[in-house]
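Novice: Take a look at this one; I'll ask things after.
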Amino acid sequence: MLILSYAQKEDVIRWGRTLFHGSKDRFGFFQETAQWLSEQIYQEIRQANQERLFGLVRVFRLSQYHEILYELKALVNPDEQYWMTLMGSCGDDPDWCDHRRSLDQRIVPLGTDPILTEAFAQIGLQPGIISDHNFAAVYEGTGQLPYFLIEHVSDRLLAPGDFDRAHGIKSVVGIGSAFLSGASYLLLGYSKQHLNENDAEKLAELFAFVTTPLASCDSQKRFWS
């Protein structure tokens, strides 16, 4: 268990190592790894009262049409080049714990979801482009750990079907990276308490421990279990 508000960065790194060793060589597919990471972060990161910090944790991968599951291709326009595909999901609502039941966000055209768009902008991700804020740059010590924070979730950022009022979501925080393939991912945590920049910077210490197993799956082009 990790209580984010009390944790020092060293505590987050220590917990991140445990997270990494749990995922290392455990799964061969991006979707399985993303689901396991979502479950662990949802279950183990807590508020000061030891209740779960996040009402929902999700992992999206930027995918091109030819990478999408066959069953999803019937739902999308093949003329759209990039899609955000939901690869992992765990949350308070049982329907959020299976990407197949998350109908509103199972596959989203790039640039149409306000929160995903804001996350791309803050991190500096661009489709198909390896930017300064990416996996390689961080490992070379030339880039800041990439994170994003929407401290106060507003109506401007809410897509139809979002759940801030019904489920008490107050902030959205997360990490993300481009892969060497030109694809990228976002991990989003929908927080039930207000988070600030210090909280987001601490969460960003999980970057290497989340990105490494996902990058391994991406490099092997093993996406769907």
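Residues are named by chain letter and number: chains run A, B, ... in the order of the structure tokens, numbers start at 1 in each chain, and ligands are numbered from 1 in the order shown.
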For Ile175 (chain A), list every protein, DNA or RNA residue within 6 Å, evaluated using only C-alpha atoms, and leave out those in the same chain fewer than 4 positions away; present the list as a PyMOL selection string.
Specialist: chain A and resi 146-147+186-187
Novice: Take the residues just selected and output them with all heavy atoms as a PDB file, in the first residue's frame.
Specialist:
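Saved result, out_29.pdb, follows:
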ATOM      1  N   PRO A 146       7.866  12.553 -17.423  1.00  0.00           N
ATOM      2  CA  PRO A 146       6.652  13.128 -18.014  1.00  0.00           C
ATOM      3  C   PRO A 146       5.397  12.760 -17.227  1.00  0.00           C
ATOM      4  O   PRO A 146       5.135  11.595 -16.962  1.00  0.00           O
ATOM      5  CB  PRO A 146       6.623  12.516 -19.418  1.00  0.00           C
ATOM      6  CG  PRO A 146       7.366  11.232 -19.288  1.00  0.00           C
ATOM      7  CD  PRO A 146       8.362  11.397 -18.183  1.00  0.00           C
ATOM      8  N   TYR A 147       4.649  13.779 -16.846  1.00  0.00           N
ATOM      9  CA  TYR A 147       3.376  13.555 -16.176  1.00  0.00           C
ATOM     10  C   TYR A 147       2.407  14.651 -16.602  1.00  0.00           C
ATOM     11  O   TYR A 147       2.796  15.664 -17.184  1.00  0.00           O
ATOM     12  CB  TYR A 147       3.542  13.565 -14.655  1.00  0.00           C
ATOM     13  CG  TYR A 147       3.856  14.928 -14.065  1.00  0.00           C
ATOM     14  CD1 TYR A 147       2.834  15.832 -13.725  1.00  0.00           C
ATOM     15  CD2 TYR A 147       5.174  15.325 -13.837  1.00  0.00           C
ATOM     16  CE1 TYR A 147       3.120  17.066 -13.188  1.00  0.00           C
ATOM     17  CE2 TYR A 147       5.462  16.559 -13.298  1.00  0.00           C
ATOM     18  CZ  TYR A 147       4.431  17.426 -12.978  1.00  0.00           C
ATOM     19  OH  TYR A 147       4.712  18.670 -12.450  1.00  0.00           O
ATOM     20  N   LEU A 186      -0.874   6.334 -22.415  1.00  0.00           N
ATOM     21  CA  LEU A 186      -1.224   7.190 -21.290  1.00  0.00           C
ATOM     22  C   LEU A 186      -1.790   6.319 -20.184  1.00  0.00           C
ATOM     23  O   LEU A 186      -2.619   5.444 -20.440  1.00  0.00           O
ATOM     24  CB  LEU A 186      -2.291   8.219 -21.678  1.00  0.00           C
ATOM     25  CG  LEU A 186      -1.900   9.332 -22.632  1.00  0.00           C
ATOM     26  CD1 LEU A 186      -3.144  10.128 -23.022  1.00  0.00           C
ATOM     27  CD2 LEU A 186      -0.859  10.250 -22.016  1.00  0.00           C
ATOM     28  N   LEU A 187      -1.341   6.551 -18.960  1.00  0.00           N
ATOM     29  CA  LEU A 187      -1.963   5.973 -17.779  1.00  0.00           C
ATOM     30  C   LEU A 187      -2.639   7.095 -17.028  1.00  0.00           C
ATOM     31  O   LEU A 187      -1.988   8.086 -16.673  1.00  0.00           O
ATOM     32  CB  LEU A 187      -0.932   5.280 -16.891  1.00  0.00           C
ATOM     33  CG  LEU A 187      -1.487   4.570 -15.651  1.00  0.00           C
ATOM     34  CD1 LEU A 187      -0.652   3.350 -15.313  1.00  0.00           C
ATOM     35  CD2 LEU A 187      -1.554   5.492 -14.424  1.00  0.00           C
TER      36      LEU A 187
END
Novice: Could you name the residues that touch Gly28 (chain A) at 12 Å or less, counting only C-alpha atoms, but leaving out those on the same chain fewer than 6 positions away, as a list in words?
Specialist: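 Neighbouring residues, sequence-local ones excluded: Ala34, Trp36, Pro213, Leu214, Ala215, Ser216, Cys217, Asp218, Ser219, Gln220, Lys221, Arg222, Phe223, Trp224 and Ser225 of chain A.
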Novice: Keeping only N, CA, C and O atoms, write the selected residues as a PDB file, in the first residue's frame.
Specialist:
ATOM      1  N   ALA A  34      -1.106  -4.022 -19.157  1.00  0.00           N
ATOM      2  CA  ALA A  34      -1.821  -2.786 -18.836  1.00  0.00           C
ATOM      3  C   ALA A  34      -2.939  -3.039 -17.835  1.00  0.00           C
ATOM      4  O   ALA A  34      -3.162  -2.230 -16.918  1.00  0.00           O
ATOM      5  N   TRP A  36      -3.071  -5.474 -15.544  1.00  0.00           N
ATOM      6  CA  TRP A  36      -2.478  -5.762 -14.240  1.00  0.00           C
ATOM      7  C   TRP A  36      -1.965  -4.489 -13.573  1.00  0.00           C
ATOM      8  O   TRP A  36      -2.182  -4.279 -12.371  1.00  0.00           O
ATOM      9  N   PRO A 213       7.769  -2.316 -18.791  1.00  0.00           N
ATOM     10  CA  PRO A 213       7.068  -3.516 -19.262  1.00  0.00           C
ATOM     11  C   PRO A 213       6.154  -3.246 -20.456  1.00  0.00           C
ATOM     12  O   PRO A 213       6.026  -4.103 -21.339  1.00  0.00           O
ATOM     13  N   LEU A 214       5.525  -2.067 -20.498  1.00  0.00           N
ATOM     14  CA  LEU A 214       4.673  -1.748 -21.644  1.00  0.00           C
ATOM     15  C   LEU A 214       5.505  -1.582 -22.912  1.00  0.00           C
ATOM     16  O   LEU A 214       5.106  -2.035 -23.992  1.00  0.00           O
ATOM     17  N   ALA A 215       6.665  -0.948 -22.784  1.00  0.00           N
ATOM     18  CA  ALA A 215       7.537  -0.769 -23.939  1.00  0.00           C
ATOM     19  C   ALA A 215       8.034  -2.105 -24.470  1.00  0.00           C
ATOM     20  O   ALA A 215       8.195  -2.293 -25.688  1.00  0.00           O
ATOM     21  N   SER A 216       8.282  -3.049 -23.566  1.00  0.00           N
ATOM     22  CA  SER A 216       8.725  -4.371 -23.986  1.00  0.00           C
ATOM     23  C   SER A 216       7.663  -5.055 -24.845  1.00  0.00           C
ATOM     24  O   SER A 216       7.975  -5.626 -25.899  1.00  0.00           O
ATOM     25  N   CYS A 217       6.415  -4.985 -24.407  1.00  0.00           N
ATOM     26  CA  CYS A 217       5.321  -5.562 -25.195  1.00  0.00           C
ATOM     27  C   CYS A 217       5.158  -4.837 -26.524  1.00  0.00           C
ATOM     28  O   CYS A 217       4.925  -5.465 -27.567  1.00  0.00           O
ATOM     29  N   ASP A 218       5.282  -3.512 -26.490  1.00  0.00           N
ATOM     30  CA  ASP A 218       5.107  -2.729 -27.712  1.00  0.00           C
ATOM     31  C   ASP A 218       6.180  -3.078 -28.731  1.00  0.00           C
ATOM     32  O   ASP A 218       5.898  -3.201 -29.929  1.00  0.00           O
ATOM     33  N   SER A 219       7.400  -3.236 -28.274  1.00  0.00           N
ATOM     34  CA  SER A 219       8.498  -3.520 -29.197  1.00  0.00           C
ATOM     35  C   SER A 219       8.327  -4.875 -29.882  1.00  0.00           C
ATOM     36  O   SER A 219       8.804  -5.084 -31.005  1.00  0.00           O
ATOM     37  N   GLN A 220       7.644  -5.803 -29.225  1.00  0.00           N
ATOM     38  CA  GLN A 220       7.397  -7.128 -29.792  1.00  0.00           C
ATOM     39  C   GLN A 220       6.100  -7.177 -30.597  1.00  0.00           C
ATOM     40  O   GLN A 220       5.758  -8.228 -31.141  1.00  0.00           O
ATOM     41  N   LYS A 221       5.359  -6.042 -30.618  1.00  0.00           N
ATOM     42  CA  LYS A 221       4.082  -5.956 -31.330  1.00  0.00           C
ATOM     43  C   LYS A 221       3.093  -7.015 -30.849  1.00  0.00           C
ATOM     44  O   LYS A 221       2.334  -7.601 -31.612  1.00  0.00           O
ATOM     45  N   ARG A 222       3.125  -7.240 -29.543  1.00  0.00           N
ATOM     46  CA  ARG A 222       2.177  -8.159 -28.908  1.00  0.00           C
ATOM     47  C   ARG A 222       1.176  -7.311 -28.120  1.00  0.00           C
ATOM     48  O   ARG A 222       1.447  -6.918 -26.992  1.00  0.00           O
ATOM     49  N   PHE A 223       0.050  -7.017 -28.756  1.00  0.00           N
ATOM     50  CA  PHE A 223      -0.874  -6.036 -28.210  1.00  0.00           C
ATOM     51  C   PHE A 223      -2.036  -6.659 -27.437  1.00  0.00           C
ATOM     52  O   PHE A 223      -2.368  -6.218 -26.354  1.00  0.00           O
ATOM     53  N   TRP A 224      -2.685  -7.663 -28.005  1.00  0.00           N
ATOM     54  CA  TRP A 224      -3.938  -8.153 -27.460  1.00  0.00           C
ATOM     55  C   TRP A 224      -3.800  -9.581 -26.989  1.00  0.00           C
ATOM     56  O   TRP A 224      -3.271 -10.426 -27.696  1.00  0.00           O
ATOM     57  N   SER A 225      -4.298  -9.860 -25.803  1.00  0.00           N
ATOM     58  CA  SER A 225      -4.258 -11.219 -25.279  1.00  0.00           C
ATOM     59  C   SER A 225      -5.432 -12.031 -25.820  1.00  0.00           C
ATOM     60  O   SER A 225      -6.385 -11.485 -26.345  1.00  0.00           O
TER      61      SER A 225
END
Novice: Could you give me, as a PyMOL selection string, the residues within 9 Å of Phe207 (chain A), counting only C-alpha atoms and dropping anything in the same chain fewer than 3 positions from it?
Specialist: chain A and resi 16+135+145-147+175-177+203-204+210-212
Novice: Would you pick out the contacts of Arg101 (chain A) at 12 Å or less, using only C-alpha atoms, so that residues sharing its chain but fewer than 4 positions from it are not included, and give the list as a ChimeraX atom specification?
Specialist: /A:86-90,93-97,105-107
Novice: When you count only C-alpha atoms, which of these residues is closest to Leu4 (chain A): A:Val153, A:Ala208, A:Leu195, A:Leu19?
Specialist: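 The answer is A:Leu195, which sits nearest to Leu4 (chain A).
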Novice: Counting only C-alpha atoms, which of A:Leu72, A:Ile41, A:Val108, A:Ile13 gets nearest to Leu56 (chain A)?
Specialist: A:Ile41
Novice: Step one, run DSSP on the backbone; step two, keep only residues of region 26-141 of chain A assigned to strand (DSSP E); then write them as a list in words.
Specialist: Ile45, Arg46, Phe54, Gly55, Leu56, Val57, Arg58, Val59, Phe60, Arg61, Leu62, Ser63, Gln64, Tyr82, Trp83, Met84, Thr85, Leu86, Met87, Gly88, Ser89, Cys90, Gly91, Ile107, Val108 and Pro109 of chain A
Novice: Of the candidates A:Leu149, A:Val59, A:Ile169, A:Leu53, which shows the shortest atom-to-atom distance to Leu2 (chain A), using only C-alpha atoms?
Specialist: A:Leu53
